[in-house]
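For reference, the structure discussed in these notes is given below.
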Amino acid sequence: MCPNITRCGWAQADAMMMAYHDHEWGQPVHDSRQLWEMLVLESFQAGLSWRTVLKRRAGFRRAFAGFDPDRVAGFTAADVTRLMADTGIIRARAKIVATIGNAQAYAAMRDGGEDFATFAWGMLPDGPVRNLSGQVQASSPLSHAMSAALRARGFRFVGPVIAYAWMQAAGMIDDHDPTCFRHATARDVSGHLGKR
C-alpha cells in the first residue's frame, strides 16, 4: 500500500480504509456466497460509517458462522439473543433478524435453481456501470431495481441506498473518483446512474 498515490477521498482516513479501498472496494465479485456476505455487511452499515463495520468484520464472520448462508438460515431465537449480546458485532435486532431471513431467501433462490451471483450480475447485462462524472450518488434507478428484485425474492433491509453501496463494493458500479488510481477508464455510462 502506497500512501502517496491518489485515492478516493473517503479512503484517506487511515491504513485500514486505504487497504480496503486499494484491494477490495469496487473489485468485481462473482462468487455467490461472497456477494451475500457483502450484502449482509452493507445492511449492517446502514446509518453508520463503513469504518465501523470494517473494524468488526472478523467479529461478524465469527458470529455468523463464517457467513455460511445455510448455517445462518438455521439460526433460531436463541441465536438472535446470543448475537444481541455479542460485542464483536453491531447489535441491532432488526438487522440481525433480517440477516437470518436473507440467508433463508438466499437458500430458497439456490434451491429453486437461481444462482445469487447470476441473478445480481444479470441486472447489469452490459457489465459494470462506470461513473465517469465524479459525482457519487446515494442511489440510482439501477439500485432501485436491484432493491425491488431482492425484496421480491424475500430479502429485507435491502433498500435502494443499501443496494447501491453493495453494488459499489462488489464492482457492479465503478464509483472510484476519476482521479483515483483505481478508476477504470471506460465509456461514460453515468447517465445510467440517474439522479438522487
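Quick note on naming: the chains in the C-alpha cells go A, B, ... in the order shown, residues restart at 1 in each chain, and ligands are numbered from 1 in order of appearance.
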Residues of range 28-174 of chain A in strand (DSSP E), written as a PDB file with N, CA, C and O atoms, in the first residue's frame:
```pdb
ATOM      1  N   VAL A 129     -21.272  -0.734 -14.415  1.00  0.00           N
ATOM      2  CA  VAL A 129     -21.568   0.651 -14.774  1.00  0.00           C
ATOM      3  C   VAL A 129     -20.383   1.499 -14.338  1.00  0.00           C
ATOM      4  O   VAL A 129     -19.945   1.423 -13.190  1.00  0.00           O
ATOM      5  N   ARG A 130     -19.838   2.266 -15.242  1.00  0.00           N
ATOM      6  CA  ARG A 130     -18.694   3.126 -14.939  1.00  0.00           C
ATOM      7  C   ARG A 130     -19.178   4.561 -14.801  1.00  0.00           C
ATOM      8  O   ARG A 130     -19.714   5.131 -15.739  1.00  0.00           O
ATOM      9  N   ILE A 173     -20.884  -1.283  -9.842  1.00  0.00           N
ATOM     10  CA  ILE A 173     -20.821   0.142 -10.178  1.00  0.00           C
ATOM     11  C   ILE A 173     -19.428   0.624  -9.823  1.00  0.00           C
ATOM     12  O   ILE A 173     -18.987   0.461  -8.685  1.00  0.00           O
ATOM     13  N   ASP A 174     -18.726   1.195 -10.786  1.00  0.00           N
ATOM     14  CA  ASP A 174     -17.390   1.754 -10.535  1.00  0.00           C
ATOM     15  C   ASP A 174     -17.562   3.217 -10.174  1.00  0.00           C
ATOM     16  O   ASP A 174     -17.767   4.062 -11.040  1.00  0.00           O
TER      17      ASP A 174
END
```
Check your understanding: Do you know which residues are at most 8 Å from range 60-63 of chain A counting only C-alpha atoms, after dropping those on the same chain fewer than 5 positions away, and could you put them as a ChimeraX atom specification?
Key -> /A:83,86,88-89
Review point. Pick from A:Arg93, A:Pro28, A:Ala145, A:Gly154: nearest to Ala184 in chain A, with only C-alpha atoms counted?
Key: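 With only C-alpha atoms as the atom set, the closest residue is A:Pro28.
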Check your understanding: Near Leu150 in chain A, within 12 Å and counting only C-alpha atoms, which residues show up once chain neighbours fewer than 2 positions away are dropped, as a list of chain:residue names?
Key ->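 Neighbouring residues, sequence-local ones excluded: A:Trp36, A:Leu39, A:Asn102, A:Ala105, A:Tyr106, A:Met109, A:Phe116, A:Phe119, A:Ala120, A:Met123, A:Ser143, A:His144, A:Ala145, A:Met146, A:Ser147, A:Ala148, A:Ala152, A:Arg153, A:Gly154, A:Phe155, A:Arg156, A:Phe157, A:Val158, A:Gly159, A:Pro160, A:Ile162, A:Ala163.
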Would you save the residues of that selection, restricted to C-alpha atoms, as an mmCIF file, in the first residue's frame?
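Written output follows (selection-v5.cif):
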```cif
data_model
loop_
_atom_site.group_PDB
_atom_site.id
_atom_site.type_symbol
_atom_site.label_atom_id
_atom_site.label_comp_id
_atom_site.auth_asym_id
_atom_site.auth_seq_id
_atom_site.Cartn_x
_atom_site.Cartn_y
_atom_site.Cartn_z
ATOM 1 C CA TRP A 36 -24.196 -12.484 0.144
ATOM 2 C CA LEU A 39 -24.794 -7.610 1.264
ATOM 3 C CA ASN A 102 -31.850 -13.088 3.998
ATOM 4 C CA ALA A 105 -34.029 -16.124 0.948
ATOM 5 C CA TYR A 106 -30.573 -16.896 -0.483
ATOM 6 C CA MET A 109 -33.167 -18.920 -4.526
ATOM 7 C CA PHE A 116 -27.336 -15.440 -6.463
ATOM 8 C CA PHE A 119 -29.132 -13.018 -10.575
ATOM 9 C CA ALA A 120 -27.171 -9.972 -9.340
ATOM 10 C CA MET A 123 -29.270 -6.904 -13.584
ATOM 11 C CA SER A 143 -30.202 0.315 -7.312
ATOM 12 C CA HIS A 144 -33.958 0.841 -7.022
ATOM 13 C CA ALA A 145 -34.452 -2.017 -9.486
ATOM 14 C CA MET A 146 -31.961 -4.208 -7.609
ATOM 15 C CA SER A 147 -33.660 -3.449 -4.299
ATOM 16 C CA ALA A 148 -37.063 -4.344 -5.726
ATOM 17 C CA ALA A 152 -39.365 -9.806 -4.444
ATOM 18 C CA ARG A 153 -37.161 -12.763 -3.518
ATOM 19 C CA GLY A 154 -37.753 -12.294 0.201
ATOM 20 C CA PHE A 155 -34.756 -10.149 1.179
ATOM 21 C CA ARG A 156 -35.155 -7.403 3.769
ATOM 22 C CA PHE A 157 -33.074 -4.409 4.807
ATOM 23 C CA VAL A 158 -32.018 -4.027 1.171
ATOM 24 C CA GLY A 159 -33.349 -0.595 0.243
ATOM 25 C CA PRO A 160 -32.019 1.338 -2.773
ATOM 26 C CA ILE A 162 -28.005 -0.240 0.691
ATOM 27 C CA ALA A 163 -28.281 -1.866 -2.743
#
```
Point to revise | Distance in Å - CA of Ala19 in chain A versus CA of Pro128 in chain A | key: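 Going from CA of Ala19 in chain A over to CA of Pro128 in chain A covers 22.1 Å.
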Exercise for review: Can you list, as a ChimeraX atom specification, all residues belonging to range 34-151 of chain A that DSSP tags as alpha helix (DSSP H)?
Suggested key: /A:34-45,50-55,57-63,69-73,77-84,93-111,116-122,141-151
